[in-house]
>>> print(open('final_26.csv').read())   # CSV, C-alpha atoms
chain,number,residue,atom,x,y,z
A,210,MET,CA,0.0,0.0,0.0
A,211,SER,CA,1.1,3.6,-0.7
A,212,GLU,CA,1.5,6.1,2.1
A,213,LYS,CA,-1.7,7.7,1.0
A,214,GLU,CA,-3.7,4.5,1.1
A,215,ILE,CA,-2.4,3.8,4.6
A,216,ASP,CA,-3.4,7.3,5.7
A,217,GLU,CA,-6.9,6.8,4.3
A,218,LEU,CA,-7.3,3.5,6.0
A,219,ARG,CA,-5.9,4.9,9.2
A,220,SER,CA,-8.6,7.6,9.2
A,221,ARG,CA,-11.3,5.2,8.2
A,222,PHE,CA,-10.4,2.5,10.8
A,223,ALA,CA,-10.1,5.2,13.5
A,224,ARG,CA,-13.7,6.3,12.7
A,225,GLU,CA,-14.9,2.7,12.8
A,226,ALA,CA,-13.1,2.4,16.2
A,227,MET,CA,-15.0,5.5,17.4
A,228,ALA,CA,-18.3,4.1,16.2
A,229,LEU,CA,-17.5,0.9,18.1
A,230,MET,CA,-16.7,2.7,21.3
A,231,GLU,CA,-20.0,4.7,21.0
A,232,ARG,CA,-21.9,1.4,20.7
A,233,THR,CA,-20.1,-0.6,23.4
A,234,GLY,CA,-19.1,2.2,25.8
A,235,GLU,CA,-15.7,0.6,26.1
A,236,GLU,CA,-12.2,1.4,25.0
A,237,VAL,CA,-11.3,-0.3,21.7
A,238,THR,CA,-8.3,-2.6,20.9
A,239,ARG,CA,-7.0,-3.8,17.6
A,240,THR,CA,-8.2,-7.4,18.3
A,241,ARG,CA,-11.7,-6.1,19.0
A,242,LEU,CA,-11.7,-3.8,16.0
A,243,ALA,CA,-10.5,-6.6,13.6
A,244,ALA,CA,-13.3,-8.9,14.9
A,245,GLU,CA,-15.9,-6.1,14.4
A,246,LEU,CA,-14.8,-5.2,10.9
A,247,LYS,CA,-14.3,-8.9,10.0
A,248,ILE,CA,-10.9,-8.3,8.6
A,249,ALA,CA,-7.6,-10.1,9.3
A,250,ARG,CA,-5.7,-8.8,12.3
A,251,ALA,CA,-2.6,-8.7,10.1
A,252,ARG,CA,-4.3,-6.2,7.8
A,253,LEU,CA,-5.0,-3.9,10.7
A,254,ASP,CA,-1.4,-4.3,12.0
A,255,VAL,CA,-0.1,-2.8,8.7
A,256,VAL,CA,-2.0,0.4,9.5
A,257,PHE,CA,-1.5,0.3,13.2
A,258,PRO,CA,1.8,-1.5,14.0
A,259,ASP,CA,1.3,-0.8,17.8
A,260,GLU,CA,-1.8,-0.5,19.9
A,261,GLY,CA,-0.8,3.1,20.5
A,262,ASP,CA,-1.1,3.8,16.8
A,263,LEU,CA,-4.8,3.1,16.9
A,264,LEU,CA,-5.3,5.4,20.0
A,265,GLU,CA,-3.2,8.1,18.3
A,266,ALA,CA,-5.4,7.9,15.2
A,267,VAL,CA,-8.6,8.0,17.3
A,268,THR,CA,-7.2,11.1,19.1
A,269,GLY,CA,-6.5,12.7,15.7
A,270,GLU,CA,-10.0,12.1,14.5
A,271,TRP,CA,-11.5,13.5,17.7
A,272,PHE,CA,-9.4,16.7,17.5
A,273,ALA,CA,-9.7,17.2,13.7
A,274,PRO,CA,-12.9,19.4,13.9
A,275,LYS,CA,-11.5,21.4,16.8
A,276,LEU,CA,-8.3,22.0,14.8
A,277,ALA,CA,-10.4,23.1,11.8
A,278,VAL,CA,-12.2,25.8,13.8
A,279,MET,CA,-9.0,27.1,15.3
A,280,ASP,CA,-7.4,27.3,11.9
A,281,GLU,CA,-10.4,29.2,10.6
A,282,VAL,CA,-10.3,31.7,13.4
A,283,MET,CA,-6.6,32.2,13.1
A,284,ALA,CA,-6.9,32.9,9.4
A,285,SER,CA,-9.5,35.6,10.0
A,286,ASP,CA,-8.7,39.3,10.4
A,287,LEU,CA,-10.9,39.9,13.3
A,288,PRO,CA,-9.7,42.4,16.0
A,289,PRO,CA,-7.9,40.6,18.9
A,290,ARG,CA,-10.8,40.6,21.4
A,291,ARG,CA,-13.3,39.2,18.9
A,292,LYS,CA,-10.7,36.7,17.6
A,293,MET,CA,-9.9,35.4,21.1
A,294,TYR,CA,-13.6,35.0,21.9
A,295,GLU,CA,-14.2,33.0,18.7
A,296,PHE,CA,-11.0,31.0,19.3
A,297,PHE,CA,-12.5,29.7,22.5
A,298,ALA,CA,-16.3,29.8,21.7
A,299,ARG,CA,-16.1,27.7,18.6
A,300,ARG,CA,-14.2,24.9,20.3
A,301,PHE,CA,-16.6,25.1,23.3
A,302,ARG,CA,-19.6,24.7,21.0
A,303,LEU,CA,-18.1,21.6,19.4
A,304,LEU,CA,-17.2,20.1,22.8
A,305,ARG,CA,-20.6,20.9,24.2
A,306,GLN,CA,-22.3,19.3,21.2
A,307,ASN,CA,-20.1,16.2,21.6
A,308,PHE,CA,-21.1,16.0,25.2
A,309,ARG,CA,-24.8,16.6,24.7
A,310,ASP,CA,-25.0,14.1,21.7
A,311,ASP,CA,-23.6,11.3,23.8
A,312,PRO,CA,-22.6,12.0,27.4
A,313,ALA,CA,-21.4,8.4,28.1
A,314,THR,CA,-19.1,8.3,25.1
A,315,PHE,CA,-17.9,11.8,25.9
A,316,ASN,CA,-16.9,10.6,29.4
A,317,LEU,CA,-15.1,7.6,27.9
A,318,TYR,CA,-13.0,10.0,25.8
A,319,VAL,CA,-12.3,12.2,28.9
A,320,GLU,CA,-11.0,9.1,30.7
A,321,MET,CA,-9.0,8.0,27.7
A,322,GLY,CA,-7.6,11.5,27.4
A,323,GLU,CA,-6.3,11.3,30.9
A,324,ARG,CA,-4.7,7.8,30.4
A,325,TYR,CA,-3.2,8.6,27.0
A,326,PHE,CA,-2.4,12.2,27.4
A,327,GLU,CA,0.7,11.9,25.2
A,328,TYR,CA,-1.4,11.5,22.1
A,329,ALA,CA,-3.3,14.8,22.8
A,330,ARG,CA,-0.1,16.7,23.6
A,331,SER,CA,0.6,17.9,20.0
A,332,TYR,CA,-2.9,19.3,19.7
A,333,ILE,CA,-2.7,21.1,23.0
A,334,ASP,CA,0.7,22.5,22.1
A,335,LEU,CA,-0.7,23.8,18.8
A,336,ALA,CA,-3.7,25.5,20.6
A,337,ASP,CA,-1.2,27.1,23.0
A,338,HIS,CA,1.0,28.3,20.1
A,339,TYR,CA,-2.1,29.9,18.5
A,340,LEU,CA,-3.0,31.5,21.8
A,341,CYS,CA,0.4,33.0,22.0
A,342,GLU,CA,-0.1,34.6,18.6
A,343,LEU,CA,-3.4,36.0,19.8
A,344,ILE,CA,-1.7,37.4,22.9
A,345,ALA,CA,1.0,39.1,20.8
A,346,GLU,CA,-1.8,40.7,18.7
A,347,ALA,CA,-3.6,41.8,21.8
A,348,GLN,CA,-0.4,43.3,23.3
A,349,ALA,CA,0.3,45.2,20.0
A,350,ASP,CA,-3.1,46.9,20.7
A,351,GLY,CA,-2.1,47.7,24.3
A,352,PHE,CA,-3.9,44.9,26.1
A,353,LEU,CA,-2.4,42.4,28.6
A,354,ALA,CA,0.2,45.1,29.5
A,355,GLY,CA,3.5,44.0,31.0
A,356,LEU,CA,2.8,40.3,31.0
A,357,GLU,CA,5.3,37.7,29.6
A,358,VAL,CA,3.5,35.9,26.8
A,359,ASP,CA,3.9,32.5,28.6
A,360,THR,CA,2.4,34.0,31.8
A,361,ALA,CA,-0.5,35.5,29.8
A,362,MET,CA,-1.1,32.2,28.1
A,363,SER,CA,-1.2,30.3,31.4
A,364,LEU,CA,-3.5,32.8,33.0
A,365,ILE,CA,-5.9,32.9,30.1
A,366,ASN,CA,-6.0,29.1,29.8
A,367,GLN,CA,-6.9,29.0,33.5
A,368,MET,CA,-9.6,31.7,33.2
A,369,VAL,CA,-11.4,29.9,30.4
A,370,ASN,CA,-10.6,26.4,31.6
A,371,CYS,CA,-14.3,25.6,32.2
A,372,TYR,CA,-15.0,26.1,28.5
A,373,LEU,CA,-12.1,24.0,27.1
A,374,GLN,CA,-11.6,21.2,29.6
A,375,PRO,CA,-13.9,18.3,28.7
A,376,TYR,CA,-14.2,17.2,32.3
A,377,MET,CA,-15.6,20.6,33.3
A,378,ILE,CA,-17.9,20.7,30.4
A,379,ALA,CA,-19.4,17.4,31.4
A,380,MET,CA,-19.7,18.5,35.0
A,381,ILE,CA,-21.2,22.0,34.7
A,382,ASP,CA,-22.6,22.1,31.1
A,383,ASP,CA,-25.8,23.9,32.3
A,384,ARG,CA,-23.8,26.7,33.9
A,385,LEU,CA,-21.7,27.5,30.8
A,386,SER,CA,-22.8,29.9,28.1
A,387,GLU,CA,-21.4,31.9,25.2
A,388,GLU,CA,-22.6,35.1,27.0
A,389,LYS,CA,-20.5,34.2,30.1
A,390,LEU,CA,-17.5,33.3,28.0
A,391,ALA,CA,-17.7,36.7,26.3
A,392,LEU,CA,-17.7,38.5,29.7
A,393,ILE,CA,-14.7,36.5,30.8
A,394,VAL,CA,-12.9,37.4,27.5
A,395,GLY,CA,-13.9,41.0,28.2
A,396,ALA,CA,-12.3,40.8,31.7
A,397,ILE,CA,-9.2,39.4,30.1
A,398,PHE,CA,-8.9,42.4,27.8
A,399,ASP,CA,-10.1,45.1,30.2
A,400,GLY,CA,-8.6,43.8,33.5
A,401,LEU,CA,-5.7,41.4,33.0
A,402,ASP,CA,-2.2,42.9,33.2
A,403,ALA,CA,1.0,42.5,35.2
A,404,LYS,CA,-0.4,44.2,38.3
A,405,ASP,CA,-2.8,42.6,40.7
A,406,GLY,CA,-4.1,45.9,41.9
A,407,GLY,CA,-3.5,45.0,45.5
A,408,ALA,CA,-5.3,41.7,45.6
A,409,ARG,CA,-2.4,39.9,47.3
A,410,GLY,CA,-1.5,42.9,49.5
A,411,THR,CA,1.7,43.3,51.4
A,412,GLN,CA,0.4,42.6,54.9
A,413,ASP,CA,-1.2,39.6,56.5
A,414,ILE,CA,-4.9,39.5,57.1
A,415,ARG,CA,-4.4,40.1,60.8
A,416,ALA,CA,-3.1,43.6,60.1
A,417,ALA,CA,-6.3,44.6,58.4
B,277,MET,CA,-25.1,8.1,74.7
B,278,SER,CA,-25.7,11.8,74.8
B,279,GLU,CA,-25.9,13.8,71.5
B,280,LYS,CA,-22.6,15.3,72.4
B,281,GLU,CA,-20.9,11.9,72.9
B,282,ILE,CA,-22.3,10.7,69.6
B,283,ASP,CA,-21.0,13.9,67.9
B,284,GLU,CA,-17.6,13.3,69.3
B,285,LEU,CA,-17.6,9.7,68.3
B,286,ARG,CA,-18.8,10.6,64.8
B,287,SER,CA,-15.9,12.9,64.3
B,288,ARG,CA,-13.4,10.5,65.8
B,289,PHE,CA,-14.6,7.6,63.7
B,290,ALA,CA,-14.6,9.7,60.6
B,291,ARG,CA,-10.9,10.6,61.2
B,292,GLU,CA,-10.1,6.9,61.7
B,293,ALA,CA,-11.9,6.2,58.5
B,294,MET,CA,-9.8,8.8,56.7
B,295,ALA,CA,-6.6,7.3,58.1
B,296,LEU,CA,-7.7,3.9,56.9
B,297,MET,CA,-8.4,5.2,53.4
B,298,GLU,CA,-4.9,6.8,53.4
B,299,ARG,CA,-3.4,3.5,54.3
B,300,THR,CA,-5.4,1.3,51.9
B,301,GLY,CA,-6.1,3.7,49.1
B,302,GLU,CA,-9.7,2.4,49.1
B,303,GLU,CA,-13.1,3.7,50.0
B,304,VAL,CA,-14.1,2.8,53.5
B,305,THR,CA,-17.3,1.0,54.7
B,306,ARG,CA,-18.7,0.5,58.2
B,307,THR,CA,-17.9,-3.2,58.1
B,308,ARG,CA,-14.3,-2.5,57.2
B,309,LEU,CA,-14.0,0.3,59.8
B,310,ALA,CA,-15.5,-1.9,62.6
B,311,ALA,CA,-12.9,-4.6,61.8
B,312,GLU,CA,-10.1,-2.1,61.7
B,313,LEU,CA,-11.1,-0.5,65.1
B,314,LYS,CA,-11.9,-3.9,66.6
B,315,ILE,CA,-15.2,-2.7,67.8
B,316,ALA,CA,-18.6,-4.3,67.4
B,317,ARG,CA,-20.4,-3.3,64.3
B,318,ALA,CA,-23.5,-2.5,66.4
B,319,ARG,CA,-21.6,0.2,68.2
B,320,LEU,CA,-20.6,1.8,64.9
B,321,ASP,CA,-24.2,1.6,63.7
B,322,VAL,CA,-25.4,3.8,66.7
B,323,VAL,CA,-23.1,6.5,65.4
B,324,PHE,CA,-23.7,5.9,61.6
B,325,PRO,CA,-27.1,4.3,61.2
B,326,ASP,CA,-26.6,4.3,57.4
B,327,GLU,CA,-23.5,3.8,55.2
B,328,GLY,CA,-24.2,7.3,54.0
B,329,ASP,CA,-23.8,8.7,57.5
B,330,LEU,CA,-20.2,7.6,57.5
B,331,LEU,CA,-19.5,9.2,54.1
B,332,GLU,CA,-21.2,12.4,55.3
B,333,ALA,CA,-19.0,12.5,58.4
B,334,VAL,CA,-15.9,12.0,56.3
B,335,THR,CA,-17.0,14.8,54.0
B,336,GLY,CA,-17.5,17.0,57.0
B,337,GLU,CA,-14.0,16.3,58.4
B,338,TRP,CA,-12.5,17.0,55.0
B,339,PHE,CA,-14.2,20.3,54.6
B,340,ALA,CA,-13.8,21.5,58.2
B,341,PRO,CA,-10.4,23.3,57.7
B,342,LYS,CA,-11.6,24.8,54.4
B,343,LEU,CA,-14.7,26.2,56.3
B,344,ALA,CA,-12.5,27.5,59.0
B,345,VAL,CA,-10.4,29.6,56.6
B,346,MET,CA,-13.5,30.9,54.8
B,347,ASP,CA,-15.0,32.0,58.2
B,348,GLU,CA,-11.8,33.7,59.1
B,349,VAL,CA,-11.7,35.7,55.9
B,350,MET,CA,-15.3,36.6,56.0
B,351,ALA,CA,-14.9,37.9,59.6
B,352,SER,CA,-12.0,40.2,58.6
B,353,ASP,CA,-12.5,43.8,57.5
B,354,LEU,CA,-10.2,43.6,54.5
B,355,PRO,CA,-11.2,45.7,51.4
B,356,PRO,CA,-13.2,43.7,48.9
B,357,ARG,CA,-10.3,42.9,46.5
B,358,ARG,CA,-8.0,41.6,49.2
B,359,LYS,CA,-10.8,39.8,50.8
B,360,MET,CA,-11.8,37.9,47.7
B,361,TYR,CA,-8.2,37.0,47.0
B,362,GLU,CA,-7.8,35.6,50.5
B,363,PHE,CA,-11.1,33.8,50.2
B,364,PHE,CA,-9.8,31.8,47.3
B,365,ALA,CA,-6.1,31.7,48.1
B,366,ARG,CA,-6.4,30.2,51.6
B,367,ARG,CA,-8.6,27.3,50.3
B,368,PHE,CA,-6.2,26.8,47.4
B,369,ARG,CA,-3.3,26.5,49.7
B,370,LEU,CA,-5.1,23.9,51.9
B,371,LEU,CA,-6.1,21.9,48.8
B,372,ARG,CA,-2.6,22.1,47.3
B,373,GLN,CA,-1.1,20.9,50.6
B,374,ASN,CA,-3.6,18.0,50.7
B,375,PHE,CA,-2.7,17.0,47.2
B,376,ARG,CA,1.1,17.3,47.7
B,377,ASP,CA,1.0,15.4,51.0
B,378,ASP,CA,-0.7,12.4,49.5
B,379,PRO,CA,-1.7,12.5,45.8
B,380,ALA,CA,-3.2,9.0,45.8
B,381,THR,CA,-5.5,9.8,48.7
B,382,PHE,CA,-6.4,13.1,47.2
B,383,ASN,CA,-7.5,11.5,44.0
B,384,LEU,CA,-9.5,9.0,46.0
B,385,TYR,CA,-11.4,12.0,47.6
B,386,VAL,CA,-11.9,13.5,44.2
B,387,GLU,CA,-13.5,10.3,43.0
B,388,MET,CA,-15.6,10.0,46.1
B,389,GLY,CA,-16.6,13.7,45.8
B,390,GLU,CA,-18.0,12.9,42.3
B,391,ARG,CA,-19.9,9.8,43.5
B,392,TYR,CA,-21.3,11.3,46.7
B,393,PHE,CA,-21.7,14.9,45.6
B,394,GLU,CA,-24.8,15.3,47.8
B,395,TYR,CA,-22.7,15.3,50.9
B,396,ALA,CA,-20.5,18.1,49.7
B,397,ARG,CA,-23.5,20.2,48.5
B,398,SER,CA,-24.0,22.1,51.8
B,399,TYR,CA,-20.4,23.2,51.9
B,400,ILE,CA,-20.4,24.4,48.3
B,401,ASP,CA,-23.7,26.2,48.9
B,402,LEU,CA,-22.1,28.0,51.9
B,403,ALA,CA,-19.0,29.0,49.9
B,404,ASP,CA,-21.4,30.4,47.2
B,405,HIS,CA,-23.3,32.3,49.8
B,406,TYR,CA,-20.1,33.8,51.1
B,407,LEU,CA,-19.0,34.7,47.6
B,408,CYS,CA,-22.3,36.5,47.1
B,409,GLU,CA,-21.6,38.6,50.2
B,410,LEU,CA,-18.1,39.5,48.8
B,411,ILE,CA,-19.7,40.4,45.4
B,412,ALA,CA,-22.2,42.7,47.2
B,413,GLU,CA,-19.2,44.4,49.0
B,414,ALA,CA,-17.4,44.8,45.7
B,415,GLN,CA,-20.4,46.2,44.0
B,416,ALA,CA,-20.9,48.7,46.9
B,417,ASP,CA,-17.4,50.0,45.9
B,418,GLY,CA,-18.3,50.2,42.2
B,419,PHE,CA,-16.8,47.0,40.9
B,420,LEU,CA,-18.6,44.2,38.9
B,421,ALA,CA,-20.9,46.9,37.5
B,422,GLY,CA,-24.3,46.0,36.2
B,423,LEU,CA,-24.0,42.2,36.9
B,424,GLU,CA,-26.7,40.3,38.7
B,425,VAL,CA,-25.1,38.8,41.9
B,426,ASP,CA,-25.9,35.2,40.7
B,427,THR,CA,-24.3,35.9,37.3
B,428,ALA,CA,-21.2,37.4,38.9
B,429,MET,CA,-20.9,34.4,41.3
B,430,SER,CA,-21.1,32.0,38.4
B,431,LEU,CA,-18.5,34.0,36.3
B,432,ILE,CA,-16.1,34.3,39.2
B,433,ASN,CA,-16.4,30.6,40.2
B,434,GLN,CA,-15.6,29.8,36.6
B,435,MET,CA,-12.6,32.1,36.4
B,436,VAL,CA,-10.9,30.8,39.5
B,437,ASN,CA,-12.1,27.2,39.0
B,438,CYS,CA,-8.6,25.8,38.6
B,439,TYR,CA,-7.8,27.0,42.1
B,440,LEU,CA,-10.8,25.4,43.8
B,441,GLN,CA,-11.6,22.3,41.8
B,442,PRO,CA,-9.6,19.4,43.3
B,443,TYR,CA,-9.5,17.6,40.0
B,444,MET,CA,-7.8,20.6,38.4
B,445,ILE,CA,-5.4,21.1,41.3
B,446,ALA,CA,-4.3,17.5,40.9
B,447,MET,CA,-4.0,17.9,37.1
B,448,ILE,CA,-2.1,21.2,36.8
B,449,ASP,CA,-0.6,21.8,40.3
B,450,ASP,CA,2.7,23.0,38.9
B,451,ARG,CA,1.0,25.7,36.8
B,452,LEU,CA,-1.0,27.2,39.7
B,453,SER,CA,0.4,29.9,41.9
B,454,GLU,CA,-0.7,32.6,44.3
B,455,GLU,CA,0.8,35.2,42.0
B,456,LYS,CA,-1.4,34.1,39.1
B,457,LEU,CA,-4.5,33.8,41.3
B,458,ALA,CA,-3.9,37.4,42.4
B,459,LEU,CA,-3.7,38.6,38.8
B,460,ILE,CA,-7.0,36.7,38.0
B,461,VAL,CA,-8.7,38.4,41.0
B,462,GLY,CA,-7.2,41.7,39.7
B,463,ALA,CA,-8.9,41.0,36.3
B,464,ILE,CA,-12.2,40.3,38.0
B,465,PHE,CA,-12.1,43.7,39.8
B,466,ASP,CA,-10.7,45.7,37.0
B,467,GLY,CA,-12.3,44.1,33.9
B,468,LEU,CA,-15.4,42.1,34.8
B,469,ASP,CA,-18.7,43.9,34.3
B,470,ALA,CA,-22.0,43.4,32.4
B,471,LYS,CA,-20.5,44.4,29.1
B,472,ASP,CA,-18.3,42.1,27.0
B,473,GLY,CA,-16.6,45.1,25.2
B,474,GLY,CA,-17.3,43.6,21.8
B,475,ALA,CA,-15.9,40.1,22.3
B,476,ARG,CA,-19.0,38.4,21.0
B,477,GLY,CA,-19.6,41.0,18.2
B,478,THR,CA,-22.7,41.3,16.3
B,479,GLN,CA,-21.5,40.0,13.0
B,480,ASP,CA,-20.3,36.6,11.9
B,481,ILE,CA,-16.6,35.9,11.5
B,482,ARG,CA,-17.1,35.9,7.7
B,483,ALA,CA,-18.0,39.6,7.8
B,484,ALA,CA,-14.7,40.6,9.3
>>> encode(input="final_26.csv", output="structure tokens")
Amino acid sequence: MSEKEIDELRSRFAREAMALMERTGEEVTRTRLAAELKIARARLDVVFPDEGDLLEAVTGEWFAPKLAVMDEVMASDLPPRRKMYEFFARRFRLLRQNFRDDPATFNLYVEMGERYFEYARSYIDLADHYLCELIAEAQADGFLAGLEVDTAMSLINQMVNCYLQPYMIAMIDDRLSEEKLALIVGAIFDGLDAKDGGARGTQDIRAA
Amino acid sequence: MSEKEIDELRSRFAREAMALMERTGEEVTRTRLAAELKIARARLDVVFPDEGDLLEAVTGEWFAPKLAVMDEVMASDLPPRRKMYEFFARRFRLLRQNFRDDPATFNLYVEMGERYFEYARSYIDLADHYLCELIAEAQADGFLAGLEVDTAMSLINQMVNCYLQPYMIAMIDDRLSEEKLALIVGAIFDGLDAKDGGARGTQDIRAA
């Protein structure tokens, strides 16, 4: 088989594996998938030499639509505040839809994401890389003053964590909304900078 | 036994149950605890008539130090920004210490907290009640303009979620710090209000 054929099979088999997980509610293995597809295990091994290659392909399929919306937003020429909002909101909507369509399978992916975090690493790194670009654009317009890009990235990821972390979406779905996310992005642009404005203080609580 | 004696035994047995969970890494039952303490099961049943009563007592012991720091902060006369920071930072430090002292037991409590959420409900409700008081104090000083108290509470809980949610503390401990929490509280005071400043926009991304 050519590289291209193998890539196509990898993607097709990964989608079959996801459909199988949806039906069974269980993590999939190559043995199980070969039985389900009624194909020789050896044929599957050509496409997925290791068990991890199947998990990696499933991770890739799961992230593909989230990557597509990130790419779309990054390619736009929206002003920084709108762009950052869309960057988070579009992924949030996809995740929420995934959760609402099938909560049990969503929770299975959350558990697998914890166990096989290494496969998700490159997608999360790319999202962080994009966020750093957005921060640079915001800083060029005078926002996020005085913050190192890495610090700003960490702070922003923490502030919108409930909208990106699948575990949180499954837990508090009914309390999350685009309106609230937009207000949080507003607070990032209007209130986040290198000064805490006295929140930490310099004296202990006793001195108050 | 008097009510007082039962209360004392409840607290003592709950702490014994927690010590047992730390040693075994497993959830505790009345049967197991009676065997461990070498006391008659009937004696334990006087204190914990249902299995749930033991879990409720364990939850109470776990939350007690977190409640104590919240009470202490609420009783102080710090200005709103300092007060809100301390309200979150002191609980964060306790949770982080719990996690670092014994990550395995901490994760066991996280799982139990998900399964027996009803027992934690009253503590979370109290924390929310206190936060609403802090919001009212902040609004009296002109912060959080135009926001309903319930909306502000939900937004703030989401923005500092990484510092209060045990699951997140266990996951990203090394990326959490008091300095960052103070900057987030700064953004809440300086940037959070009823207007998103254009983050959501009125036109689709295509129109940009």
>>> closest_atom_pairs(input="final_26.csv", of="chain B", to="chain A", cutoff="8 Å", atoms="all atoms listed in the file", output="JSON lines")
{"residue": "B:Val349", "atom": "CA", "partner": "A:Ile414", "partner_atom": "CA", "distance": 7.9}
{"residue": "B:Ser352", "atom": "CA", "partner": "A:Ala417", "partner_atom": "CA", "distance": 7.2}
{"residue": "B:Asp353", "atom": "CA", "partner": "A:Ala417", "partner_atom": "CA", "distance": 6.3}
{"residue": "B:Leu354", "atom": "CA", "partner": "A:Ala417", "partner_atom": "CA", "distance": 5.6}
{"residue": "B:Arg357", "atom": "CA", "partner": "A:Ala408", "partner_atom": "CA", "distance": 5.2}
{"residue": "B:Arg358", "atom": "CA", "partner": "A:Ala408", "partner_atom": "CA", "distance": 4.5}
{"residue": "B:Lys359", "atom": "CA", "partner": "A:Ala408", "partner_atom": "CA", "distance": 7.8}
{"residue": "B:Met360", "atom": "CA", "partner": "A:Ala408", "partner_atom": "CA", "distance": 7.8}
{"residue": "B:Tyr361", "atom": "CA", "partner": "A:Ala408", "partner_atom": "CA", "distance": 5.7}
{"residue": "B:Glu362", "atom": "CA", "partner": "A:Arg409", "partner_atom": "CA", "distance": 7.6}
{"residue": "B:Ser430", "atom": "CA", "partner": "A:Arg384", "partner_atom": "CA", "distance": 7.5}
{"residue": "B:Leu431", "atom": "CA", "partner": "A:Lys389", "partner_atom": "CA", "distance": 6.5}
{"residue": "B:Gln434", "atom": "CA", "partner": "A:Cys371", "partner_atom": "CA", "distance": 6.2}
{"residue": "B:Met435", "atom": "CA", "partner": "A:Met368", "partner_atom": "CA", "distance": 4.4}
{"residue": "B:Val436", "atom": "CA", "partner": "A:Met368", "partner_atom": "CA", "distance": 6.5}
{"residue": "B:Asn437", "atom": "CA", "partner": "A:Cys371", "partner_atom": "CA", "distance": 7.3}
{"residue": "B:Cys438", "atom": "CA", "partner": "A:Gln367", "partner_atom": "CA", "distance": 6.3}
{"residue": "B:Arg451", "atom": "CA", "partner": "A:Ser363", "partner_atom": "CA", "distance": 7.4}
{"residue": "B:Glu455", "atom": "CA", "partner": "A:Arg409", "partner_atom": "CA", "distance": 7.8}
{"residue": "B:Lys456", "atom": "CA", "partner": "A:Leu364", "partner_atom": "CA", "distance": 6.6}
{"residue": "B:Ala458", "atom": "CA", "partner": "A:Ala408", "partner_atom": "CA", "distance": 5.5}
{"residue": "B:Leu459", "atom": "CA", "partner": "A:Asp405", "partner_atom": "CA", "distance": 4.5}
{"residue": "B:Ile460", "atom": "CA", "partner": "A:Leu401", "partner_atom": "CA", "distance": 7.0}
{"residue": "B:Val461", "atom": "CA", "partner": "A:Ala408", "partner_atom": "CA", "distance": 6.6}
{"residue": "B:Gly462", "atom": "CA", "partner": "A:Asp405", "partner_atom": "CA", "distance": 4.6}
{"residue": "B:Ala463", "atom": "CA", "partner": "A:Gly400", "partner_atom": "CA", "distance": 4.0}
{"residue": "B:Ile464", "atom": "CA", "partner": "A:Ala396", "partner_atom": "CA", "distance": 6.3}
{"residue": "B:Phe465", "atom": "CA", "partner": "A:Gly400", "partner_atom": "CA", "distance": 7.2}
{"residue": "B:Asp466", "atom": "CA", "partner": "A:Gly400", "partner_atom": "CA", "distance": 4.5}
{"residue": "B:Gly467", "atom": "CA", "partner": "A:Gly400", "partner_atom": "CA", "distance": 3.7}
{"residue": "B:Leu468", "atom": "CA", "partner": "A:Ala396", "partner_atom": "CA", "distance": 4.6}
{"residue": "B:Asp469", "atom": "CA", "partner": "A:Leu392", "partner_atom": "CA", "distance": 7.2}
{"residue": "B:Ala470", "atom": "CA", "partner": "A:Leu392", "partner_atom": "CA", "distance": 7.1}
{"residue": "B:Lys471", "atom": "CA", "partner": "A:Leu392", "partner_atom": "CA", "distance": 6.6}
{"residue": "B:Asp472", "atom": "CA", "partner": "A:Leu392", "partner_atom": "CA", "distance": 4.5}
{"residue": "B:Gly473", "atom": "CA", "partner": "A:Gly395", "partner_atom": "CA", "distance": 5.8}
{"residue": "B:Gly474", "atom": "CA", "partner": "A:Arg291", "partner_atom": "CA", "distance": 6.6}
{"residue": "B:Ala475", "atom": "CA", "partner": "A:Arg291", "partner_atom": "CA", "distance": 4.4}
{"residue": "B:Arg476", "atom": "CA", "partner": "A:Ala391", "partner_atom": "CA", "distance": 5.7}
{"residue": "B:Gly477", "atom": "CA", "partner": "A:Arg291", "partner_atom": "CA", "distance": 6.6}
{"residue": "B:Ile481", "atom": "CA", "partner": "A:Leu287", "partner_atom": "CA", "distance": 7.2}
{"residue": "B:Arg482", "atom": "CA", "partner": "A:Ser285", "partner_atom": "CA", "distance": 7.9}
{"residue": "B:Ala484", "atom": "CA", "partner": "A:Leu287", "partner_atom": "CA", "distance": 5.6}
>>> residues_around(input="final_26.csv", residues="Ile248 (chain A)", least_positions_apart="6", cutoff="12 Å", atoms="all atoms listed in the file", output="MDAnalysis selection string")
chainID A and resid 222 239:242 254
>>> residues_around(input="final_26.csv", residues="Phe324 (chain B)", least_positions_apart="4", cutoff="12 Å", atoms="all atoms listed in the file", output="PyMOL selection string")
chain B and resi 282-283+285-287+289-290+305-307+309-310+317-320+328-334
>>> atom_distance(input="final_26.csv", atom1="CA of Ala244 (chain A)", atom2="CA of Ala313 (chain A)")
23.2 Å
>>> residues_around(input="final_26.csv", residues="Leu343 (chain B)", least_positions_apart="6", cutoff="12 Å", atoms="only C-alpha atoms", output="list in words")
Thr335, Gly336, Glu337, Val349, Met350, Phe363, Phe364, Arg366, Arg367, Leu370, Ala396, Ser398, Tyr399, Ile400, Asp401, Leu402, Ala403 and Tyr406 of chain B
>>> atom_distance(input="final_26.csv", atom1="CA of Trp271 (chain A)", atom2="CA of Asp383 (chain A)")
22.9 Å
>>> residues_around(input="final_26.csv", residues="Arg232 (chain A)", least_positions_apart="5", cutoff="10 Å", atoms="only C-alpha atoms", output="ChimeraX atom specification")
/A:226-227,314
>>> atom_distance(input="final_26.csv", atom1="CA of Ala284 (chain A)", atom2="CA of Gly322 (chain A)")
28.0 Å
